[in-house]
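First the structure, in the form of structure tokens, and then the observations on it.
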Amino acid sequence: MKPLKIAIQKSGRLNEKSVELLKNCGLSFENYKSSLISPVSNFPLEILFLRDDDIPEYVQDGIADLGIVGENVILETKVEVSYLQRLGFGKCTLKIALPNNSEVENLSQLQGKSIATSYPVILDKFLKENNIQADIRTISGSVEISPGLGLSDAIFDIVSTGGTLKSNGLKPFADVISSEAVLIGRKGEENNEHVLELIQRIQSVLRAKETKYVVLNVPQHCLDQILKLLPGVKSPSVIPLAESGWVAVHTVIPERDFWNKISELKAAGAQGIVVMPIEKIIL
Ligand code: PRT
Ligand code: ZN
């Protein structure tokens, strides 16, 4: 059977995390910087290393079956692909930003202004939705220097920490979309057996990342209250300890709620709490 092809970024912000995700899915492949294509030795899959801008079209046109790319790139290229899974990395927001001394105070005051961007399609849609006619100046890089050079009144660009805006004398003004890396697939391929298997593996890696395995010692008389605090995958395991009157409780706790939950458990009588990372959770 012909192997599937998955396109990932060759170098750049999404490369390392994309490779790490695929390796965590148990896929075995070489990651030579010089090669364009790398076969996976233990799954019917080949990995194509491409510029991120090319990935959506390659997937739409069937040159690749799957791709990992920022949502912003998909929206900008207006391709027809299936969103298969959000991946939780490469998070950023596309914002309109203004020079610190700009007099623009609300969206309607962008009317007639010029805005420099590498994302004209997304910006144009946003401006139309808000009935603003502005002059979109498409440039391919270093958008943030354009107001300082007198080339535009505002910019529309990716922001993550905000450091680049700040160091160029700009301030965030309006959030347009948020984006993260997503797994996309060619339309009609969604139910391919190997695509489904890969999605399942990715989900089990993501689930594990969001949770911690926790073991706590609990005096028997506190057990009921402790169990009420714990969700677990099904329900927590309770194991007697050598010392009578004590049990060990094994469970998983969501990362986002972690420190609050640990405080609640301590307050309810838990002791000797051990926390471990989880590699995969297969449901
Ligand atoms: O070479 P190739 O074409 O493949 O890569 P690229 O240079 O076009 O993209 P790359 O590697 O820079 O980014 C890949 C993807 O990462 C983007 O499409 C986004 O989905 C995502 N991403 C997440 C970001 C950022 N965060 C980000 N901060 N992409 C770019 N930036 C840039 C932004 O353009 C600006 O210049 O970082 C600067 C702002 O960062 P802060 O932290 O100062 O706000
Ligand atoms: Zn690019």
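Chain identifiers are assigned as A, B, and so on, following the order in which chains appear in the structure tokens; residues are numbered from 1 within each chain, and ligands are numbered from 1 in order of appearance.
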
Counting only C-alpha atoms, what is within 12 Å of range 136-144 of chain A, bar same-chain residues fewer than 5 positions away, as a PyMOL selection string?
chain A and resi 53+95-99+110-128+149-159+162-172

Around ligand 1, out to 7 Å and counting only C-alpha atoms and all ligand atoms, which residues are there? I want them as number ranges by chain.
A: 9-14, 50-53, 69-73, 90-92, 142, 157-165, 179-181

Top pick for closest residue to Leu36 in chain A, considering A:Leu216, A:Leu48, A:Ala242, A:Ile282 and counting only C-alpha atoms:
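Distance minimum relative to Leu36 in chain A lands on A:Leu48.
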
Would you mind listing what lies within 10 Å of Leu45 in chain A as a list in words, with only C-alpha atoms counted and same-chain residues fewer than 2 positions away left out?
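In the requested form, the answer reads Lys2, Pro3, Leu4, Lys5, Ile6, Leu27, Phe29, Ser38, Pro39, Val40, Ser41, Asn42, Phe43, Ile47, Leu48, Asp65, His194, Val195 and Leu198 of chain A.
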
Just-selected residues, all heavy atoms written as a short mmCIF file (atom, residue, chain, number, x, y, z; two decimals), in the first residue's frame:
```
data_model
loop_
_atom_site.label_atom_id
_atom_site.label_comp_id
_atom_site.auth_asym_id
_atom_site.auth_seq_id
_atom_site.Cartn_x
_atom_site.Cartn_y
_atom_site.Cartn_z
N LYS A 2 0.43 2.28 -0.76
CA LYS A 2 1.21 3.52 -0.83
C LYS A 2 1.20 4.23 0.53
O LYS A 2 0.15 4.39 1.14
CB LYS A 2 0.57 4.45 -1.88
CG LYS A 2 1.46 4.66 -3.09
CD LYS A 2 0.79 5.54 -4.11
CE LYS A 2 0.91 7.00 -3.72
NZ LYS A 2 0.21 7.92 -4.60
N PRO A 3 2.38 4.67 1.01
CA PRO A 3 2.37 5.36 2.31
C PRO A 3 1.69 6.72 2.22
O PRO A 3 1.69 7.35 1.16
CB PRO A 3 3.86 5.52 2.65
CG PRO A 3 4.59 5.33 1.38
CD PRO A 3 3.73 4.55 0.45
N LEU A 4 1.09 7.17 3.32
CA LEU A 4 0.55 8.53 3.39
C LEU A 4 1.73 9.50 3.43
O LEU A 4 2.84 9.12 3.78
CB LEU A 4 -0.21 8.72 4.70
CG LEU A 4 -1.50 7.99 4.93
CD1 LEU A 4 -1.98 8.28 6.36
CD2 LEU A 4 -2.54 8.45 3.92
N LYS A 5 1.42 10.76 3.09
CA LYS A 5 2.46 11.79 3.22
C LYS A 5 1.95 12.88 4.16
O LYS A 5 0.81 13.33 4.03
CB LYS A 5 2.76 12.42 1.86
CG LYS A 5 3.46 11.47 0.89
CD LYS A 5 3.99 12.26 -0.30
CE LYS A 5 4.76 11.38 -1.26
NZ LYS A 5 3.90 10.43 -1.99
N ILE A 6 2.80 13.28 5.10
CA ILE A 6 2.45 14.40 5.98
C ILE A 6 3.48 15.51 5.76
O ILE A 6 4.69 15.24 5.77
CB ILE A 6 2.37 13.99 7.47
CG1 ILE A 6 1.91 15.17 8.33
CG2 ILE A 6 3.68 13.44 8.01
CD1 ILE A 6 1.49 14.79 9.74
N LEU A 27 6.56 7.37 15.99
CA LEU A 27 7.02 7.26 14.60
C LEU A 27 8.54 7.39 14.57
O LEU A 27 9.12 8.28 15.20
CB LEU A 27 6.40 8.36 13.74
CG LEU A 27 4.87 8.39 13.73
CD1 LEU A 27 4.37 9.54 12.87
CD2 LEU A 27 4.30 7.07 13.24
N PHE A 29 11.81 8.11 12.42
CA PHE A 29 12.29 8.68 11.15
C PHE A 29 13.52 9.53 11.40
O PHE A 29 13.75 9.97 12.53
CB PHE A 29 11.19 9.50 10.46
CG PHE A 29 10.68 10.65 11.28
CD1 PHE A 29 11.22 11.92 11.16
CD2 PHE A 29 9.63 10.47 12.20
CE1 PHE A 29 10.74 12.98 11.92
CE2 PHE A 29 9.16 11.53 12.97
CZ PHE A 29 9.71 12.79 12.83
N SER A 38 11.37 12.19 4.29
CA SER A 38 11.96 11.20 5.19
C SER A 38 10.94 10.09 5.41
O SER A 38 9.82 10.35 5.87
CB SER A 38 12.31 11.92 6.50
OG SER A 38 13.02 11.09 7.34
N PRO A 39 11.29 8.84 5.09
CA PRO A 39 10.33 7.76 5.31
C PRO A 39 10.27 7.38 6.79
O PRO A 39 11.27 7.48 7.49
CB PRO A 39 10.93 6.60 4.49
CG PRO A 39 12.36 6.91 4.34
CD PRO A 39 12.56 8.38 4.49
N VAL A 40 9.08 6.98 7.24
CA VAL A 40 8.91 6.48 8.60
C VAL A 40 9.07 4.97 8.53
O VAL A 40 8.42 4.32 7.71
CB VAL A 40 7.51 6.88 9.15
CG1 VAL A 40 7.23 6.23 10.49
CG2 VAL A 40 7.41 8.40 9.26
N SER A 41 9.94 4.42 9.39
CA SER A 41 10.25 2.99 9.23
C SER A 41 9.20 2.08 9.85
O SER A 41 9.10 0.91 9.50
CB SER A 41 11.63 2.69 9.82
OG SER A 41 11.61 2.99 11.20
N ASN A 42 8.38 2.60 10.80
CA ASN A 42 7.45 1.70 11.48
C ASN A 42 5.98 2.11 11.33
O ASN A 42 5.14 1.81 12.15
CB ASN A 42 7.82 1.61 12.97
CG ASN A 42 7.83 2.99 13.63
OD1 ASN A 42 7.66 4.01 12.95
ND2 ASN A 42 8.01 3.03 14.93
N PHE A 43 5.67 2.86 10.26
CA PHE A 43 4.27 3.27 9.98
C PHE A 43 4.22 3.64 8.50
O PHE A 43 5.21 4.20 7.99
CB PHE A 43 3.90 4.48 10.86
CG PHE A 43 2.42 4.76 10.94
CD1 PHE A 43 1.61 4.05 11.83
CD2 PHE A 43 1.83 5.72 10.12
CE1 PHE A 43 0.24 4.31 11.91
CE2 PHE A 43 0.46 5.98 10.20
CZ PHE A 43 -0.32 5.27 11.10
N ILE A 47 7.42 11.76 5.57
CA ILE A 47 7.34 13.13 6.06
C ILE A 47 7.98 14.05 5.03
O ILE A 47 9.11 13.83 4.60
CB ILE A 47 8.04 13.25 7.42
CG1 ILE A 47 7.32 12.29 8.38
CG2 ILE A 47 7.98 14.67 7.95
CD1 ILE A 47 7.94 12.15 9.71
N LEU A 48 7.21 15.06 4.60
CA LEU A 48 7.73 16.06 3.66
C LEU A 48 8.07 17.30 4.46
O LEU A 48 7.24 17.79 5.24
CB LEU A 48 6.68 16.44 2.62
CG LEU A 48 6.08 15.37 1.73
CD1 LEU A 48 5.14 16.03 0.71
CD2 LEU A 48 7.19 14.64 1.01
N ASP A 65 -1.10 14.18 2.04
CA ASP A 65 -2.43 13.81 2.56
C ASP A 65 -2.75 14.60 3.82
O ASP A 65 -3.90 14.88 4.12
CB ASP A 65 -2.45 12.32 2.90
CG ASP A 65 -2.02 11.48 1.73
OD1 ASP A 65 -2.86 11.24 0.86
OD2 ASP A 65 -0.82 11.11 1.67
N HIS A 194 -5.28 4.77 8.21
CA HIS A 194 -4.01 5.22 8.79
C HIS A 194 -4.11 6.66 9.28
O HIS A 194 -3.43 7.04 10.24
CB HIS A 194 -2.87 5.06 7.78
CG HIS A 194 -2.62 3.62 7.44
ND1 HIS A 194 -2.31 2.69 8.39
CD2 HIS A 194 -2.70 2.96 6.27
CE1 HIS A 194 -2.17 1.50 7.82
NE2 HIS A 194 -2.42 1.64 6.52
N VAL A 195 -4.95 7.47 8.62
CA VAL A 195 -5.19 8.83 9.11
C VAL A 195 -5.85 8.75 10.49
O VAL A 195 -5.43 9.42 11.45
CB VAL A 195 -6.08 9.63 8.12
CG1 VAL A 195 -6.55 10.94 8.74
CG2 VAL A 195 -5.34 9.89 6.82
N LEU A 198 -3.38 7.72 13.14
CA LEU A 198 -2.45 8.80 13.49
C LEU A 198 -3.14 9.84 14.37
O LEU A 198 -2.57 10.31 15.37
CB LEU A 198 -1.90 9.45 12.21
CG LEU A 198 -0.67 10.30 12.40
CD1 LEU A 198 0.50 9.47 12.94
CD2 LEU A 198 -0.25 10.94 11.07
#
```

Between A:Thr93, A:Asn130, A:Thr211, A:Asn15, which one has atoms that come closest to ligand 2, using only C-alpha atoms and all ligand atoms?
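Using only C-alpha atoms and all ligand atoms, the shortest distance to ligand 2 belongs to A:Asn15.
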
Using only C-alpha atoms and all ligand atoms, find the one residue out of A:Cys222, A:Leu66, A:Ile74, A:Leu241 that sits nearest to ligand 2.
A:Ile74

Based on the backbone DSSP call, show me all residues of range 132-255 of chain A assigned alpha helix (DSSP H), as a short mmCIF file (atom, residue, chain, number, x, y, z; two decimals) with C-alpha atoms, in the first residue's frame.
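Result written to states_8.cif:
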```cif
data_model
loop_
_atom_site.label_atom_id
_atom_site.label_comp_id
_atom_site.auth_asym_id
_atom_site.auth_seq_id
_atom_site.Cartn_x
_atom_site.Cartn_y
_atom_site.Cartn_z
CA GLY A 163 8.10 42.38 22.46
CA THR A 164 8.50 43.14 18.74
CA LEU A 165 5.67 45.73 18.83
CA LYS A 166 7.15 47.39 21.91
CA SER A 167 10.68 47.62 20.56
CA GLU A 193 -7.57 3.90 8.34
CA HIS A 194 -4.01 5.22 8.79
CA VAL A 195 -5.19 8.83 9.11
CA LEU A 196 -7.55 7.75 11.90
CA GLU A 197 -4.77 5.79 13.62
CA LEU A 198 -2.45 8.80 13.49
CA ILE A 199 -5.13 11.16 14.85
CA GLN A 200 -5.76 8.73 17.70
CA ARG A 201 -2.05 8.62 18.55
CA ILE A 202 -1.80 12.42 18.43
CA GLN A 203 -4.83 12.76 20.72
CA SER A 204 -3.34 10.34 23.24
CA VAL A 205 -0.10 12.36 23.32
CA LEU A 206 -2.01 15.66 23.73
CA ARG A 207 -4.22 14.23 26.47
CA ALA A 208 -1.17 13.01 28.37
CA LYS A 209 0.43 16.45 28.10
CA LEU A 223 -10.69 9.10 52.00
CA ASP A 224 -14.32 9.98 51.20
CA GLN A 225 -13.59 13.69 51.10
CA ILE A 226 -10.42 13.17 49.01
CA LEU A 227 -12.28 11.00 46.46
CA LYS A 228 -14.88 13.73 46.00
CA LEU A 229 -12.06 16.03 44.86
#
```

What's the separation between CA of Asp135 in chain A and atom 1 (Zn, counted along the ligand's line) of ligand 2, in Å to one decimal place?
23.2 Å

Could you pull the residues within 8 Å of Val214 in chain A, counting only C-alpha atoms, minus those fewer than 3 positions along the same chain, as a PyMOL selection string?
chain A and resi 250-253+273-276

Same residues, N, CA and C atoms, output as a PDB file, in the first residue's frame:
```
ATOM      1  N   HIS A 250      -4.140   6.664  43.663  1.00  0.00           N
ATOM      2  CA  HIS A 250      -3.484   6.948  42.375  1.00  0.00           C
ATOM      3  C   HIS A 250      -4.516   7.574  41.446  1.00  0.00           C
ATOM      4  N   THR A 251      -4.167   8.682  40.816  1.00  0.00           N
ATOM      5  CA  THR A 251      -5.146   9.329  39.936  1.00  0.00           C
ATOM      6  C   THR A 251      -4.448  10.231  38.914  1.00  0.00           C
ATOM      7  N   VAL A 252      -5.213  10.823  37.999  1.00  0.00           N
ATOM      8  CA  VAL A 252      -4.659  11.837  37.095  1.00  0.00           C
ATOM      9  C   VAL A 252      -5.382  13.169  37.329  1.00  0.00           C
ATOM     10  N   ILE A 253      -4.619  14.252  37.201  1.00  0.00           N
ATOM     11  CA  ILE A 253      -5.178  15.595  37.459  1.00  0.00           C
ATOM     12  C   ILE A 253      -4.873  16.477  36.256  1.00  0.00           C
ATOM     13  N   ILE A 273       2.657  13.658  48.618  1.00  0.00           N
ATOM     14  CA  ILE A 273       2.107  13.675  47.254  1.00  0.00           C
ATOM     15  C   ILE A 273       3.234  13.561  46.223  1.00  0.00           C
ATOM     16  N   VAL A 274       3.146  12.538  45.351  1.00  0.00           N
ATOM     17  CA  VAL A 274       4.155  12.336  44.301  1.00  0.00           C
ATOM     18  C   VAL A 274       3.501  12.618  42.949  1.00  0.00           C
ATOM     19  N   VAL A 275       4.170  13.427  42.123  1.00  0.00           N
ATOM     20  CA  VAL A 275       3.590  13.826  40.831  1.00  0.00           C
ATOM     21  C   VAL A 275       4.499  13.333  39.710  1.00  0.00           C
ATOM     22  N   MET A 276       3.896  12.696  38.678  1.00  0.00           N
ATOM     23  CA  MET A 276       4.711  12.163  37.570  1.00  0.00           C
ATOM     24  C   MET A 276       4.140  12.582  36.222  1.00  0.00           C
TER      25      MET A 276
END
```

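CA of Gln109 in chain A sits 10.1 Å away from CA of Gln133 in chain A.
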
Within 12 Å of Gly62 in chain A using only C-alpha atoms, minus same-chain residues under 3 positions, as an mmCIF file with N, CA, C and O atoms, in the first residue's frame:
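Output (selection-v4.cif):
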```
data_model
loop_
_atom_site.group_PDB
_atom_site.id
_atom_site.type_symbol
_atom_site.label_atom_id
_atom_site.label_comp_id
_atom_site.auth_asym_id
_atom_site.auth_seq_id
_atom_site.Cartn_x
_atom_site.Cartn_y
_atom_site.Cartn_z
ATOM 1 N N LEU A 4 1.088 7.167 3.325
ATOM 2 C CA LEU A 4 0.553 8.529 3.391
ATOM 3 C C LEU A 4 1.729 9.497 3.426
ATOM 4 O O LEU A 4 2.841 9.118 3.783
ATOM 5 N N LYS A 5 1.423 10.761 3.092
ATOM 6 C CA LYS A 5 2.464 11.795 3.219
ATOM 7 C C LYS A 5 1.946 12.879 4.162
ATOM 8 O O LYS A 5 0.812 13.329 4.028
ATOM 9 N N ILE A 6 2.804 13.277 5.098
ATOM 10 C CA ILE A 6 2.450 14.399 5.977
ATOM 11 C C ILE A 6 3.479 15.507 5.763
ATOM 12 O O ILE A 6 4.686 15.243 5.769
ATOM 13 N N ALA A 7 2.996 16.723 5.524
ATOM 14 C CA ALA A 7 3.893 17.859 5.296
ATOM 15 C C ALA A 7 4.040 18.641 6.594
ATOM 16 O O ALA A 7 3.039 19.001 7.228
ATOM 17 N N ILE A 55 2.304 24.467 2.554
ATOM 18 C CA ILE A 55 1.657 23.256 3.094
ATOM 19 C C ILE A 55 0.147 23.179 2.790
ATOM 20 O O ILE A 55 -0.316 22.147 2.297
ATOM 21 N N PRO A 56 -0.631 24.259 3.028
ATOM 22 C CA PRO A 56 -2.077 24.112 2.766
ATOM 23 C C PRO A 56 -2.395 23.704 1.325
ATOM 24 O O PRO A 56 -3.217 22.812 1.099
ATOM 25 N N GLU A 57 -1.719 24.324 0.354
ATOM 26 C CA GLU A 57 -2.017 23.985 -1.047
ATOM 27 C C GLU A 57 -1.575 22.572 -1.398
ATOM 28 O O GLU A 57 -2.262 21.869 -2.134
ATOM 29 N N TYR A 58 -0.430 22.153 -0.866
ATOM 30 C CA TYR A 58 0.030 20.776 -1.113
ATOM 31 C C TYR A 58 -1.001 19.775 -0.608
ATOM 32 O O TYR A 58 -1.243 18.745 -1.234
ATOM 33 N N VAL A 59 -1.615 20.091 0.538
ATOM 34 C CA VAL A 59 -2.616 19.168 1.100
ATOM 35 C C VAL A 59 -3.904 19.247 0.275
ATOM 36 O O VAL A 59 -4.492 18.221 -0.075
ATOM 37 N N ASP A 65 -1.095 14.180 2.040
ATOM 38 C CA ASP A 65 -2.429 13.814 2.558
ATOM 39 C C ASP A 65 -2.747 14.597 3.818
ATOM 40 O O ASP A 65 -3.902 14.880 4.125
ATOM 41 N N LEU A 66 -1.682 14.913 4.588
ATOM 42 C CA LEU A 66 -1.847 15.588 5.873
ATOM 43 C C LEU A 66 -0.834 16.717 5.972
ATOM 44 O O LEU A 66 0.174 16.715 5.250
ATOM 45 N N GLY A 67 -1.079 17.657 6.876
ATOM 46 C CA GLY A 67 -0.106 18.732 7.072
ATOM 47 C C GLY A 67 -0.219 19.286 8.478
ATOM 48 O O GLY A 67 -1.281 19.200 9.108
ATOM 49 N N GLU A 80 -9.256 24.654 0.557
ATOM 50 C CA GLU A 80 -10.301 23.739 1.021
ATOM 51 C C GLU A 80 -9.616 22.510 1.601
ATOM 52 O O GLU A 80 -9.186 21.624 0.858
ATOM 53 N N VAL A 81 -9.469 22.467 2.934
ATOM 54 C CA VAL A 81 -8.887 21.290 3.573
ATOM 55 C C VAL A 81 -9.719 20.975 4.822
ATOM 56 O O VAL A 81 -10.515 21.797 5.258
ATOM 57 N N ILE A 184 -4.065 19.298 9.434
ATOM 58 C CA ILE A 184 -5.064 19.371 8.372
ATOM 59 C C ILE A 184 -4.946 18.131 7.485
ATOM 60 O O ILE A 184 -3.907 17.469 7.451
ATOM 61 N N GLY A 185 -6.040 17.845 6.782
ATOM 62 C CA GLY A 185 -6.037 16.683 5.898
ATOM 63 C C GLY A 185 -6.727 17.015 4.595
ATOM 64 O O GLY A 185 -7.534 17.958 4.510
ATOM 65 N N ARG A 186 -6.403 16.234 3.581
ATOM 66 C CA ARG A 186 -7.055 16.406 2.284
ATOM 67 C C ARG A 186 -8.519 16.022 2.429
ATOM 68 O O ARG A 186 -8.855 15.046 3.103
ATOM 69 N N LYS A 187 -9.402 16.811 1.819
ATOM 70 C CA LYS A 187 -10.840 16.510 1.858
ATOM 71 C C LYS A 187 -11.067 15.093 1.349
ATOM 72 O O LYS A 187 -10.486 14.707 0.335
ATOM 73 N N GLY A 188 -11.883 14.346 2.049
ATOM 74 C CA GLY A 188 -12.203 12.986 1.613
ATOM 75 C C GLY A 188 -11.279 11.928 2.187
ATOM 76 O O GLY A 188 -11.542 10.743 2.083
ATOM 77 N N GLU A 189 -10.178 12.368 2.829
ATOM 78 C CA GLU A 189 -9.198 11.412 3.396
ATOM 79 C C GLU A 189 -9.476 11.131 4.871
ATOM 80 O O GLU A 189 -8.786 10.311 5.477
#
```

From the DSSP assignment of the backbone, select every residue of range 79-185 of chain A that is strand (DSSP E), and format the answer as an MDAnalysis selection string.
chainID A and resid 82:86 92:99 114:117 135:138 154:159 170:179 181:185

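Using only C-alpha atoms, the nearest neighbour of Ser178 in chain A within the list A:Val238, A:Leu75, A:Leu94, A:Met1 is A:Leu94.
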
Interatomic distance, CA of Arg256 in chain A to CA of Leu230 in chain A (Å, one decimal):
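Separation between CA of Arg256 in chain A and CA of Leu230 in chain A: 14.2 Å.
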
Proximity to ligand 2 - best of A:Glu16, A:Glu103, A:Glu76, A:Asp61, only C-alpha atoms and all ligand atoms:
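When distances to ligand 2 are compared using only C-alpha atoms and all ligand atoms, the smallest one comes from A:Glu76.
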
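Minimum atom-to-atom distance to Glu243 in chain A, evaluated using only C-alpha atoms, belongs to A:Asn217 out of A:Asn106, A:Asn24, A:Asn217, A:Asn31.
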